[in-house]
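Reproduced below: structure_12.cif, with mmCIF, C-alpha atoms.
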```
data_protein
#
loop_
_atom_site.label_atom_id
_atom_site.label_comp_id
_atom_site.auth_asym_id
_atom_site.auth_seq_id
_atom_site.Cartn_x
_atom_site.Cartn_y
_atom_site.Cartn_z
CA MET A 139 -4.83 -5.62 4.53
CA ALA A 140 -4.65 -3.16 7.43
CA THR A 141 -7.31 -4.05 9.91
CA SER A 142 -6.52 -1.02 12.08
CA GLU A 143 -5.43 -2.86 15.19
CA GLY A 144 -3.38 0.23 16.00
CA ALA A 145 -0.05 1.59 14.82
CA GLY A 146 1.16 2.85 18.17
CA THR A 147 2.74 6.22 18.76
CA ALA A 148 5.42 5.82 16.10
CA THR A 149 3.19 7.29 13.39
CA SER A 150 2.16 10.43 15.31
CA ILE A 151 3.15 13.77 13.81
CA SER A 152 4.95 15.94 16.36
CA GLU A 153 3.99 19.58 16.84
CA GLU A 154 7.52 20.54 15.82
CA MET A 155 7.31 18.65 12.53
CA ALA A 156 3.81 19.97 11.85
CA GLY A 157 5.04 23.51 12.42
CA GLU A 158 8.07 23.01 10.17
CA ALA A 159 5.88 21.55 7.42
CA ALA A 160 3.44 24.46 7.66
CA ALA A 161 6.23 27.04 7.60
CA GLN A 162 7.72 25.53 4.44
CA GLY A 163 4.42 24.65 2.81
CA LEU A 164 5.44 20.97 2.63
CA LEU A 165 3.52 17.76 3.28
CA THR A 166 4.62 15.01 5.64
CA LEU A 167 4.91 11.44 4.43
CA GLY A 168 4.64 8.08 6.17
CA VAL A 169 4.42 4.46 5.02
CA GLU A 170 2.92 1.26 6.44
CA GLU A 171 4.14 -2.07 5.08
CA GLU A 172 2.73 -5.56 5.69
CA TYR A 173 4.91 -8.66 5.33
CA LEU A 174 4.61 -12.44 5.17
CA LEU A 175 6.53 -14.81 7.44
CA VAL A 176 7.84 -17.95 5.74
CA ASP A 177 9.81 -21.01 6.78
CA ALA A 178 13.59 -20.66 7.05
CA VAL A 179 14.14 -23.24 4.30
CA GLU A 180 10.87 -24.03 2.56
CA PRO A 181 8.77 -21.38 0.75
CA ARG A 182 5.58 -22.00 2.76
CA ALA A 183 4.12 -19.39 5.12
CA VAL A 184 4.34 -20.08 8.85
CA GLU A 185 2.48 -18.89 11.94
CA ALA A 186 5.37 -17.20 13.74
CA VAL A 187 4.30 -13.65 14.51
CA GLU A 188 4.51 -14.03 18.29
CA GLU A 189 7.97 -15.59 18.05
CA VAL A 190 9.11 -12.66 15.91
CA PHE A 191 7.65 -10.17 18.37
CA ASP A 192 9.70 -11.84 21.12
CA GLN A 193 12.85 -11.12 19.12
CA LEU A 194 12.16 -7.45 18.29
CA SER A 195 14.87 -4.97 19.24
CA ASP A 196 13.86 -1.95 21.28
CA ASP A 197 14.65 0.51 18.48
CA ILE A 198 11.88 -0.82 16.22
CA ARG A 199 9.36 -2.31 18.67
CA ASP A 200 7.06 0.75 18.78
CA SER A 201 6.81 0.72 14.98
CA VAL A 202 5.76 -2.93 14.61
CA GLN A 203 2.26 -4.34 15.01
CA HIS A 204 0.14 -7.41 14.37
CA GLU A 205 -1.93 -8.00 11.29
CA LEU A 206 -4.96 -10.26 10.87
CA MET A 207 -3.09 -13.55 10.39
CA ARG A 208 -0.44 -15.19 12.54
CA SER A 209 1.77 -15.43 9.44
CA GLN A 210 1.78 -11.63 8.94
CA ILE A 211 3.45 -8.65 10.57
CA GLU A 212 3.32 -4.90 9.87
CA THR A 213 5.50 -1.82 10.30
CA ALA A 214 4.55 1.85 10.36
CA SER A 215 7.21 4.47 9.75
CA PRO A 216 7.31 7.75 11.63
CA PRO A 217 6.12 10.62 9.40
CA GLN A 218 8.91 12.49 7.65
CA LEU A 219 9.46 15.65 5.64
CA GLU A 220 12.69 14.54 3.94
CA LEU A 221 12.55 11.60 1.55
CA GLY A 222 16.01 10.53 2.66
CA ASP A 223 14.80 10.34 6.26
CA LEU A 224 11.88 8.16 5.18
CA PHE A 225 14.29 5.89 3.30
CA ASP A 226 16.49 5.55 6.39
CA SER A 227 13.48 4.86 8.61
CA LEU A 228 12.04 2.18 6.34
CA ARG A 229 15.45 0.58 5.83
CA ARG A 230 15.93 0.40 9.59
CA LEU A 231 12.49 -1.20 9.99
CA ARG A 232 13.00 -3.71 7.18
CA THR A 233 16.48 -4.80 8.22
CA GLY A 234 15.57 -4.88 11.90
CA LEU A 235 12.40 -6.87 11.34
CA ALA A 236 14.15 -9.28 8.96
CA ALA A 237 16.83 -9.85 11.60
CA SER A 238 14.16 -10.44 14.24
CA ALA A 239 12.48 -12.98 11.97
CA GLU A 240 15.77 -14.80 11.42
CA ARG A 241 16.39 -14.95 15.18
CA ALA A 242 12.94 -16.53 15.47
CA GLY A 243 13.90 -19.13 12.86
CA VAL A 244 11.84 -17.78 9.95
CA ARG A 245 12.15 -15.32 7.05
CA LEU A 246 10.44 -12.04 6.23
CA ILE A 247 9.23 -11.42 2.67
CA ALA A 248 7.52 -8.41 1.14
CA VAL A 249 4.89 -9.95 -1.13
CA GLY A 250 1.19 -9.31 -1.70
CA ALA A 251 0.01 -12.91 -1.23
CA ALA A 252 1.65 -16.22 -0.35
CA PRO A 253 3.43 -17.55 -3.46
CA ALA A 254 3.74 -21.16 -2.26
CA PRO A 255 1.16 -23.76 -1.22
CA GLY A 256 0.59 -24.23 2.48
CA GLN A 257 -1.98 -24.49 5.21
CA ALA A 258 -4.29 -21.53 5.86
CA SER A 259 -3.10 -19.41 8.75
CA ARG A 260 -5.12 -18.85 11.89
CA ILE A 261 -6.02 -15.32 12.91
CA VAL A 262 -4.19 -13.44 15.65
CA ASP A 263 -5.84 -13.88 19.03
CA SER A 264 -7.48 -10.49 19.58
CA PRO A 265 -11.11 -9.56 20.29
CA ARG A 266 -11.31 -7.38 17.19
CA TYR A 267 -10.02 -10.05 14.85
CA HIS A 268 -12.35 -12.65 16.34
CA ARG A 269 -15.29 -10.29 15.76
CA MET A 270 -14.16 -9.83 12.18
CA ARG A 271 -14.01 -13.57 11.62
CA GLU A 272 -17.44 -14.06 13.18
CA ARG A 273 -18.98 -11.32 11.03
CA PHE A 274 -17.23 -11.85 7.71
CA GLY A 275 -16.03 -15.44 7.67
CA ASP A 276 -13.05 -16.56 5.62
CA LEU A 277 -12.62 -13.55 3.32
CA SER A 278 -8.82 -13.53 3.58
CA PRO A 279 -7.75 -16.97 2.35
CA GLY A 280 -4.39 -18.61 2.83
CA ALA A 281 -1.71 -16.86 4.84
CA GLY A 282 -3.01 -13.30 4.52
CA LEU A 283 -2.83 -10.36 2.12
CA ASN A 284 -0.09 -7.75 2.41
CA GLY A 285 -0.36 -4.15 1.26
CA MET A 286 1.44 -0.83 1.40
CA HIS A 287 -0.29 2.31 2.69
CA VAL A 288 1.03 5.83 2.14
CA HIS A 289 -0.02 8.66 4.47
CA VAL A 290 0.26 12.25 3.26
CA SER A 291 -0.70 15.17 5.48
CA VAL A 292 -3.64 17.42 4.56
CA PRO A 293 -4.71 20.70 6.19
CA ASP A 294 -8.23 19.63 7.20
CA PRO A 295 -10.83 16.90 6.53
CA GLU A 296 -12.90 18.97 4.10
CA THR A 297 -9.86 19.60 1.93
CA GLY A 298 -8.95 15.94 2.34
CA VAL A 299 -12.26 14.82 0.86
CA GLN A 300 -11.77 17.06 -2.14
CA ILE A 301 -8.30 15.58 -2.64
CA LEU A 302 -9.84 12.10 -2.54
CA ASN A 303 -12.08 13.13 -5.43
CA HIS A 304 -9.09 14.40 -7.43
CA LEU A 305 -7.09 11.24 -6.70
CA ARG A 306 -9.59 8.82 -8.25
CA PRO A 307 -8.32 8.93 -11.86
CA TRP A 308 -4.66 8.55 -10.84
CA LEU A 309 -4.73 5.64 -8.42
CA PRO A 310 -4.96 2.79 -10.96
CA ILE A 311 -1.52 3.56 -12.39
CA LEU A 312 0.00 3.73 -8.91
CA GLN A 313 -1.61 0.37 -8.17
CA ALA A 314 -0.09 -1.05 -11.35
CA ALA A 315 3.36 0.02 -10.21
CA THR A 316 3.00 -1.82 -6.88
CA ALA A 317 1.97 -5.15 -8.47
CA ASN A 318 3.80 -7.85 -6.53
CA SER A 319 1.64 -10.97 -6.21
CA PRO A 320 1.46 -12.91 -9.50
CA LEU A 321 1.91 -16.27 -7.77
CA PHE A 322 -0.51 -17.90 -5.36
CA ALA A 323 -0.45 -21.42 -3.92
CA GLY A 324 2.42 -22.37 -6.22
CA ARG A 325 1.03 -21.23 -9.56
CA ASP A 326 0.96 -18.16 -11.78
CA THR A 327 -2.53 -16.67 -11.43
CA GLY A 328 -2.43 -14.69 -14.69
CA TYR A 329 -2.64 -11.47 -12.67
CA ALA A 330 0.19 -9.16 -11.69
CA SER A 331 -1.58 -8.53 -8.37
CA TRP A 332 -3.63 -11.52 -7.25
CA ARG A 333 -3.84 -9.92 -3.81
CA SER A 334 -6.02 -7.22 -5.37
CA MET A 335 -8.51 -9.79 -6.61
CA LEU A 336 -8.65 -11.64 -3.29
CA TRP A 337 -8.93 -8.42 -1.33
CA GLU A 338 -12.04 -7.39 -3.27
CA ARG A 339 -14.01 -10.07 -1.40
CA TRP A 340 -14.36 -7.64 1.51
CA PRO A 341 -17.57 -5.59 1.24
CA THR A 342 -16.00 -2.11 1.52
CA VAL A 343 -12.98 -2.64 -0.74
CA GLY A 344 -12.92 -0.58 -3.93
CA PRO A 345 -12.34 2.83 -5.45
CA THR A 346 -13.33 5.79 -3.34
CA PRO A 347 -16.71 7.16 -4.50
CA TYR A 348 -17.06 10.75 -5.63
CA LEU A 349 -18.00 12.74 -2.52
CA GLU A 350 -19.56 16.18 -2.23
CA SER A 351 -18.30 17.03 1.25
CA HIS A 352 -16.78 15.78 4.48
CA GLU A 353 -20.30 15.62 5.89
CA GLN A 354 -21.26 13.16 3.16
CA TYR A 355 -18.09 11.17 3.88
CA GLU A 356 -19.01 10.88 7.57
CA THR A 357 -22.61 9.99 6.75
CA MET A 358 -21.47 7.23 4.42
CA VAL A 359 -19.13 5.83 7.06
CA SER A 360 -22.00 5.78 9.57
CA ASP A 361 -24.34 4.15 7.08
CA LEU A 362 -21.79 1.43 6.23
CA VAL A 363 -21.24 0.64 9.90
CA ALA A 364 -25.02 0.50 10.45
CA SER A 365 -25.38 -1.81 7.44
CA GLY A 366 -23.04 -4.36 9.00
CA ALA A 367 -20.59 -4.14 6.09
CA MET A 368 -17.88 -2.97 8.50
CA LEU A 369 -17.35 -2.98 12.25
CA ASP A 370 -16.09 0.58 12.44
CA GLU A 371 -14.29 3.30 10.45
CA GLY A 372 -11.07 1.26 10.53
CA MET A 373 -12.69 -1.19 8.10
CA LEU A 374 -13.32 1.45 5.46
CA TYR A 375 -11.13 -0.20 2.84
CA TRP A 376 -11.53 2.32 0.03
CA TYR A 377 -8.41 2.71 -2.10
CA ALA A 378 -7.98 6.17 -0.59
CA ARG A 379 -9.55 7.46 2.59
CA LEU A 380 -9.12 9.94 5.41
CA SER A 381 -7.09 8.38 8.19
CA ALA A 382 -9.18 7.66 11.26
CA ASN A 383 -6.22 8.50 13.52
CA TYR A 384 -4.03 11.10 11.82
CA PRO A 385 -4.47 14.31 9.76
CA THR A 386 -3.67 12.54 6.52
CA VAL A 387 -5.12 11.02 3.41
CA GLU A 388 -4.22 7.34 3.25
CA ILE A 389 -3.60 5.77 -0.17
CA ARG A 390 -3.92 2.03 0.31
CA MET A 391 -4.68 0.06 -2.85
CA GLY A 392 -1.16 -1.28 -3.53
CA ASP A 393 0.68 -4.52 -2.85
CA VAL A 394 3.63 -4.26 -0.49
CA CYS A 395 6.67 -3.78 -2.73
CA PRO A 396 9.62 -6.18 -2.76
CA THR A 397 12.37 -3.55 -2.67
CA LEU A 398 12.72 -0.34 -0.74
CA ASP A 399 13.53 1.48 -3.98
CA ILE A 400 10.02 0.85 -5.32
CA THR A 401 8.42 1.74 -2.00
CA ILE A 402 10.26 5.07 -1.81
CA LEU A 403 9.52 5.87 -5.45
CA LEU A 404 5.79 5.32 -5.04
CA ALA A 405 5.65 7.13 -1.70
CA ALA A 406 7.34 10.17 -3.24
CA LEU A 407 5.07 10.10 -6.30
CA THR A 408 2.06 9.86 -4.00
CA ARG A 409 3.14 12.89 -1.99
CA GLY A 410 3.88 14.78 -5.20
CA LEU A 411 0.42 13.90 -6.48
CA VAL A 412 -1.39 14.91 -3.29
CA SER A 413 0.56 18.18 -3.17
CA THR A 414 -0.29 18.89 -6.82
CA LEU A 415 -3.95 18.16 -6.22
CA LEU A 416 -3.98 20.28 -3.07
CA ARG A 417 -3.03 23.27 -5.18
CA GLU A 418 -5.86 22.47 -7.59
CA VAL A 419 -8.32 22.28 -4.70
CA GLU A 420 -7.05 25.61 -3.35
CA ASP A 421 -7.44 27.13 -6.83
CA GLY A 422 -11.06 25.94 -6.97
CA LYS A 423 -10.49 23.50 -9.82
CA PRO A 424 -13.23 20.84 -9.77
CA ALA A 425 -12.28 17.17 -9.68
CA PRO A 426 -13.13 15.14 -12.79
CA ASN A 427 -16.15 13.02 -11.93
CA VAL A 428 -14.96 9.92 -13.75
CA PRO A 429 -17.70 7.25 -13.94
CA HIS A 430 -17.24 4.72 -11.15
CA PRO A 431 -17.40 1.67 -13.47
CA LEU A 432 -14.54 3.09 -15.54
CA VAL A 433 -12.43 3.62 -12.42
CA MET A 434 -13.17 0.03 -11.40
CA ALA A 435 -12.16 -1.18 -14.86
CA ALA A 436 -8.87 0.70 -14.62
CA HIS A 437 -8.12 -0.87 -11.24
CA TRP A 438 -8.92 -4.32 -12.63
CA ARG A 439 -6.54 -3.61 -15.49
CA ALA A 440 -3.85 -2.54 -13.01
CA ALA A 441 -4.25 -5.81 -11.10
CA HIS A 442 -4.17 -7.86 -14.28
CA ASP A 443 -1.42 -6.14 -16.29
CA GLY A 444 0.72 -4.30 -13.77
CA LEU A 445 3.02 -1.84 -15.55
CA GLU A 446 3.92 -4.35 -18.23
CA GLY A 447 0.61 -4.06 -20.11
CA LEU A 448 -2.13 -1.51 -20.64
CA ASN A 449 -4.25 0.77 -18.51
CA ILE A 450 -6.89 3.41 -19.17
CA ASP A 451 -6.10 7.04 -19.83
CA MET A 452 -8.88 8.69 -17.85
CA ALA A 453 -8.72 11.88 -19.91
CA THR A 454 -9.33 10.13 -23.24
CA ARG A 455 -10.88 6.90 -21.86
CA GLU A 456 -8.62 4.91 -24.17
CA PRO A 457 -6.29 2.02 -23.30
CA LYS A 458 -2.63 3.05 -23.39
CA PRO A 459 0.66 1.43 -22.36
CA ALA A 460 0.81 1.58 -18.59
CA TRP A 461 4.36 2.90 -18.62
CA LYS A 462 3.26 5.83 -20.76
CA LEU A 463 0.63 6.69 -18.14
CA MET A 464 3.25 6.29 -15.42
CA ARG A 465 5.41 8.81 -17.24
CA GLN A 466 2.44 11.17 -17.54
CA LEU A 467 2.00 10.97 -13.78
CA PHE A 468 5.69 11.74 -13.23
CA ASP A 469 5.53 14.76 -15.55
CA TYR A 470 2.33 16.00 -13.88
CA VAL A 471 3.81 16.00 -10.38
CA THR A 472 7.37 17.07 -11.29
CA PRO A 473 6.98 20.65 -9.95
CA GLU A 474 5.90 19.37 -6.53
CA LEU A 475 8.59 16.68 -6.51
CA ASP A 476 11.09 19.46 -7.12
CA ARG A 477 9.59 21.71 -4.44
CA HIS A 478 9.82 18.90 -1.86
CA GLY A 479 13.41 18.11 -2.86
CA ASP A 480 12.50 14.67 -4.22
CA LEU A 481 12.98 15.10 -7.96
CA GLU A 482 16.57 13.91 -8.32
CA LEU A 483 16.05 10.68 -6.37
CA VAL A 484 12.66 9.96 -7.96
CA THR A 485 14.17 10.36 -11.45
CA VAL A 486 16.81 7.76 -10.61
CA LEU A 487 14.27 5.39 -9.08
CA MET A 488 11.90 5.75 -12.06
CA ASP A 489 14.71 4.71 -14.41
CA ARG A 490 15.59 1.82 -12.11
CA LEU A 491 11.99 0.57 -12.03
CA ARG A 492 11.72 0.89 -15.82
CA SER A 493 14.85 -1.21 -16.20
CA SER A 494 14.17 -3.85 -13.53
CA GLY A 495 10.37 -4.08 -13.65
CA THR A 496 7.74 -4.39 -10.96
CA GLY A 497 7.82 -7.07 -8.31
CA ALA A 498 5.38 -9.11 -10.38
CA ALA A 499 7.56 -8.91 -13.50
CA ARG A 500 10.67 -9.90 -11.56
CA GLN A 501 8.94 -12.85 -9.89
CA ARG A 502 7.74 -14.13 -13.24
CA ALA A 503 11.19 -13.70 -14.79
CA LEU A 504 12.72 -15.73 -11.96
CA LEU A 505 10.07 -18.42 -12.23
CA SER A 506 10.61 -18.66 -15.98
CA LYS A 507 14.39 -18.83 -15.62
CA GLN A 508 14.66 -21.05 -12.53
CA GLY A 509 11.31 -22.85 -12.68
CA SER A 510 10.94 -22.87 -8.92
CA VAL A 511 8.74 -21.02 -6.43
CA GLU A 512 11.53 -21.65 -3.91
CA ASP A 513 13.85 -19.43 -5.95
CA VAL A 514 11.22 -16.69 -6.05
CA VAL A 515 10.81 -16.77 -2.27
CA ASP A 516 14.59 -16.76 -1.80
CA TRP A 517 14.80 -13.62 -3.96
CA LEU A 518 11.92 -11.98 -2.10
CA ALA A 519 13.64 -12.59 1.24
CA ALA A 520 16.88 -11.08 -0.02
CA ALA A 521 15.10 -8.12 -1.64
CA THR A 522 13.14 -7.43 1.55
CA ARG A 523 16.36 -7.39 3.61
CA GLY A 524 17.93 -5.07 1.04
CA ASP A 525 20.49 -7.55 -0.26
CA ARG A 526 19.29 -7.25 -3.89
#
```

Take the structure from the file and write it as structure tokens.
Amino acid sequence: MATSEGAGTATSISEEMAGEAAAQGLLTLGVEEEYLLVDAVEPRAVEAVEEVFDQLSDDIRDSVQHELMRSQIETASPPQLELGDLFDSLRRLRTGLAASAERAGVRLIAVGAAPAPGQASRIVDSPRYHRMRERFGDLSPGAGLNGMHVHVSVPDPETGVQILNHLRPWLPILQAATANSPLFAGRDTGYASWRSMLWERWPTVGPTPYLESHEQYETMVSDLVASGAMLDEGMLYWYARLSANYPTVEIRMGDVCPTLDITILLAALTRGLVSTLLREVEDGKPAPNVPHPLVMAAHWRAAHDGLEGLNIDMATREPKPAWKLMRQLFDYVTPELDRHGDLELVTVLMDRLRSSGTGAARQRALLSKQGSVEDVVDWLAAATRGDR
């Protein structure tokens, strides 16, 4: 859920990379992924984060951090310009962290919420997390909720706020593509992303409101802190926000994805979208002020249907097949995918996702075929390692 305990120095953008990006007119890209730790044999979540930390190799240690629960762990990739470099970085983090988990006697799975029954996890022993529990109680049930956050560089906060406005109509379809938590406590919830529904218990979770300026953004953050709805800016859980630590917009409404292919596809589409919208902001094109309840309805639909059902076309306000809207997004950002050198790989990954389905669809197919949550967790562990 990203409680902003700190990502370390691994996510900092170097002056050299910032200069190269500016010279080429390109945007940097980084990804945070949260994972669940499960028993080596059984599908239940286990409190093993400290044991896994003890087994981390030096080459990934600076990119790994705690999450809220003792059954969770998180990685943050260094920012990259080349999509291939991001792929290599995330693969190194996934395989290294999975190996560390195995040395600690557990498994690492990329899933939005715990699929199997089990005891609720305790929180990590940190002053911040204890303050969160005291203030907000048990808003994160079970073993914890695991998301994916994509950081894309922006030139300045004022421009970033305008990009947030332009992003609002597009984020539901990206959320649908990440859907990867249909099972919870051993049963099918009827939702493609049950994590999304559980996450909404937190008071600041939801679509980003339409904002007139960076000044209004800062005022709203201050007002929310003063209200008690969040401890600090790190608890601003809007589906897209300005990063509190880096010169980026952070898109953060999605489940963590089971395979690196899906993660890379959605990261590239997100950068292509932000880059496309940046050009619209620079051209003075106003953002569509889509009614907030309609945006909320589209996000609910994304959580319920994933890509296998319907979502809302924000231009016509009509329900349409989610995959058709996904294709519209791809077509819309194609020029910027091409300019960043991502188009060829994204085209392949789009076809692969269309053929294989989202994480939610694949979990349900396995459950239907095998009839066992154990088989689903076994597949998730292999997919997270990169074996499938």

Can you list, as a list in words, the residues that the PyMOL selection byres ((chain A and resi 426-430) around 10) selects here?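 Checking the PyMOL selection byres ((chain A and resi 426-430) around 10) against this file, the residues are Asn303, His304, Leu305, Arg306, Pro307, Gly344, Pro345, Thr346, Pro347, Tyr348, Leu349, Lys423, Pro424, Ala425, Pro431, Leu432, Val433, Met434, Ala435, Ala436, Met452, Ala453 and Arg455 of chain A.
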
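CA of Leu283 (chain A) sits 26.3 Å away from CA of Gln218 (chain A).
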
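Rounded to one decimal, CA of Trp517 (chain A) and CA of His204 (chain A) lie 24.3 Å from each other.
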
Of the candidates A:Pro385, A:Gly275, A:Gly509, A:Pro216, which one gets nearest to Trp340 (chain A) if we count all atoms listed in the file?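 Of A:Pro385, A:Gly275, A:Gly509, A:Pro216, the one nearest Trp340 (chain A) is A:Gly275, counting all atoms listed in the file.
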
One decimal, in Å: what's the spacing between CA of Asn284 (chain A) and CA of Leu174 (chain A)?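 Computing it gives 7.2 Å between the two atoms.
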
Please report, as a Markdown table, each residue of region 391-470 of chain A lying at most 12 Å from region 251-269 of chain A, together with the nearest pair of atoms and the separation in Å rounded to one decimal; use only C-alpha atoms, and order rows by chain and ascending residue number.
```
| residue | atom | partner | partner_atom | distance |
| --- | --- | --- | --- | --- |
| A:Gly392 | CA | A:Ala251 | CA | 11.9 |
| A:Asp393 | CA | A:Ala251 | CA | 8.6 |
| A:Val394 | CA | A:Ala251 | CA | 9.4 |
| A:Cys395 | CA | A:Ala251 | CA | 11.4 |
| A:Pro396 | CA | A:Ala251 | CA | 11.8 |
```

Shell around Thr386 (chain A) at 10 Å using all atoms listed in the file, local window under 2 positions removed, as a PyMOL selection string: chain A and resi 165-168+288-295+298+379-384+388-389

Pick from A:Ala498, A:Leu277, A:Val169, A:Val202: nearest to Leu321 (chain A), with all atoms listed in the file counted?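 So, comparing all the options, the nearest one is A:Ala498.
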
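The nearest approach to Val412 (chain A) among the residues A:Met368, A:Ile301, A:Val511, A:Ala159, with only C-alpha atoms taken into account, belongs to A:Ile301.
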
Rank A:Glu272, A:Asp451, A:Asp480, A:Asp513 by their smallest atom-to-atom distance to Leu369 (chain A), using all atoms listed in the file, and report the top residue only. A:Glu272

Nearest to Phe225 (chain A), chosen from A:Lys462, A:Asp516, A:Ser201, A:Thr397, with only C-alpha atoms counted in the distances: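 Of A:Lys462, A:Asp516, A:Ser201, A:Thr397, the one nearest Phe225 (chain A) is A:Thr397, counting only C-alpha atoms.
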
Could you spell out the hits of the PyMOL selection byres ((chain A and resi 334-336) around 10) on the shown file, as a tab-separated table (two decimals) with C-alpha atoms, in the frame of the given file?
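What follows is the written file selection_31.tsv:
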```tsv
chain	number	residue	atom	x	y	z
A	250	GLY	CA	1.19	-9.31	-1.70
A	251	ALA	CA	0.01	-12.91	-1.23
A	277	LEU	CA	-12.62	-13.55	3.32
A	278	SER	CA	-8.82	-13.53	3.58
A	279	PRO	CA	-7.75	-16.97	2.35
A	282	GLY	CA	-3.01	-13.30	4.52
A	283	LEU	CA	-2.83	-10.36	2.12
A	284	ASN	CA	-0.09	-7.75	2.41
A	285	GLY	CA	-0.36	-4.15	1.26
A	313	GLN	CA	-1.61	0.37	-8.17
A	317	ALA	CA	1.97	-5.15	-8.47
A	318	ASN	CA	3.80	-7.85	-6.53
A	319	SER	CA	1.64	-10.97	-6.21
A	329	TYR	CA	-2.64	-11.47	-12.67
A	330	ALA	CA	0.19	-9.16	-11.69
A	331	SER	CA	-1.58	-8.53	-8.37
A	332	TRP	CA	-3.63	-11.52	-7.25
A	333	ARG	CA	-3.84	-9.92	-3.81
A	337	TRP	CA	-8.93	-8.42	-1.33
A	338	GLU	CA	-12.04	-7.39	-3.27
A	339	ARG	CA	-14.01	-10.07	-1.40
A	340	TRP	CA	-14.36	-7.64	1.51
A	343	VAL	CA	-12.98	-2.64	-0.74
A	344	GLY	CA	-12.92	-0.58	-3.93
A	391	MET	CA	-4.68	0.06	-2.85
A	392	GLY	CA	-1.16	-1.28	-3.53
A	393	ASP	CA	0.68	-4.52	-2.85
A	437	HIS	CA	-8.12	-0.87	-11.24
A	438	TRP	CA	-8.92	-4.32	-12.63
A	440	ALA	CA	-3.85	-2.54	-13.01
A	441	ALA	CA	-4.25	-5.81	-11.10
A	442	HIS	CA	-4.17	-7.86	-14.28
```

Between A:Gln210, A:Thr401, A:Ser195, A:Thr408, which is the closest to Gly234 (chain A) once you count all atoms listed in the file? A:Ser195

Compile the contact shell of Asp469 (chain A) as a PyMOL selection string: residues with an atom at most 12 Å away, counting all atoms listed in the file, same-chain residues fewer than 6 positions apart removed. chain A and resi 407+410-411+414+462-463+475-476+481+484-485+488

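Once all atoms listed in the file are considered, the residues situated within 12 Å of the file point (4.1, -12.5, 19.7) turn out to be A:Glu185, A:Ala186, A:Val187, A:Glu188, A:Glu189, A:Val190, A:Phe191, A:Asp192, A:Gln193, A:Leu194, A:Arg199, A:Val202, A:Gln203, A:His204, A:Glu205, A:Met207, A:Arg208, A:Ser209, A:Gln210, A:Ile211, A:Ser238, A:Ala239, A:Ala242, A:Val262, A:Asp263, A:Ser264.
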
Would you list the residues near (11.4, -18.6, 4.5), meaning any protein, DNA or RNA residue with an atom at most 7 Å from that point in file coordinates, counting all atoms listed in the file, as an MDAnalysis selection string? chainID A and resid 175:182 244:246

Return region 314-323 of chain A, completed with N, CA, C and O atoms, as a PDB file, in the frame of the given file.
```pdb
ATOM      1  N   ALA A 314      -0.826  -0.232 -10.386  1.00  0.00           N
ATOM      2  CA  ALA A 314      -0.090  -1.050 -11.350  1.00  0.00           C
ATOM      3  C   ALA A 314       1.387  -1.125 -11.009  1.00  0.00           C
ATOM      4  O   ALA A 314       2.022  -2.179 -11.154  1.00  0.00           O
ATOM      5  N   ALA A 315       1.938  -0.009 -10.525  1.00  0.00           N
ATOM      6  CA  ALA A 315       3.360   0.020 -10.210  1.00  0.00           C
ATOM      7  C   ALA A 315       3.707  -0.801  -8.977  1.00  0.00           C
ATOM      8  O   ALA A 315       4.852  -1.241  -8.817  1.00  0.00           O
ATOM      9  N   THR A 316       2.735  -1.029  -8.085  1.00  0.00           N
ATOM     10  CA  THR A 316       3.000  -1.820  -6.880  1.00  0.00           C
ATOM     11  C   THR A 316       2.852  -3.315  -7.113  1.00  0.00           C
ATOM     12  O   THR A 316       3.175  -4.102  -6.209  1.00  0.00           O
ATOM     13  N   ALA A 317       2.361  -3.743  -8.262  1.00  0.00           N
ATOM     14  CA  ALA A 317       1.970  -5.150  -8.470  1.00  0.00           C
ATOM     15  C   ALA A 317       3.087  -6.103  -8.056  1.00  0.00           C
ATOM     16  O   ALA A 317       4.189  -6.074  -8.596  1.00  0.00           O
ATOM     17  N   ASN A 318       2.768  -6.991  -7.107  1.00  0.00           N
ATOM     18  CA  ASN A 318       3.800  -7.850  -6.530  1.00  0.00           C
ATOM     19  C   ASN A 318       3.197  -9.140  -5.962  1.00  0.00           C
ATOM     20  O   ASN A 318       3.614  -9.618  -4.924  1.00  0.00           O
ATOM     21  N   SER A 319       2.203  -9.694  -6.668  1.00  0.00           N
ATOM     22  CA  SER A 319       1.640 -10.970  -6.210  1.00  0.00           C
ATOM     23  C   SER A 319       1.096 -11.777  -7.394  1.00  0.00           C
ATOM     24  O   SER A 319      -0.087 -12.115  -7.421  1.00  0.00           O
ATOM     25  N   PRO A 320       1.947 -12.117  -8.361  1.00  0.00           N
ATOM     26  CA  PRO A 320       1.460 -12.910  -9.500  1.00  0.00           C
ATOM     27  C   PRO A 320       1.270 -14.384  -9.170  1.00  0.00           C
ATOM     28  O   PRO A 320       0.517 -15.074  -9.849  1.00  0.00           O
ATOM     29  N   LEU A 321       1.953 -14.859  -8.122  1.00  0.00           N
ATOM     30  CA  LEU A 321       1.910 -16.270  -7.770  1.00  0.00           C
ATOM     31  C   LEU A 321       1.038 -16.468  -6.545  1.00  0.00           C
ATOM     32  O   LEU A 321       1.054 -15.659  -5.618  1.00  0.00           O
ATOM     33  N   PHE A 322       0.299 -17.554  -6.529  1.00  0.00           N
ATOM     34  CA  PHE A 322      -0.510 -17.900  -5.360  1.00  0.00           C
ATOM     35  C   PHE A 322      -0.649 -19.410  -5.302  1.00  0.00           C
ATOM     36  O   PHE A 322      -0.989 -20.048  -6.304  1.00  0.00           O
ATOM     37  N   ALA A 323      -0.339 -19.976  -4.145  1.00  0.00           N
ATOM     38  CA  ALA A 323      -0.450 -21.420  -3.920  1.00  0.00           C
ATOM     39  C   ALA A 323       0.350 -22.212  -4.945  1.00  0.00           C
ATOM     40  O   ALA A 323      -0.060 -23.293  -5.377  1.00  0.00           O
TER      41      ALA A 323
END
```
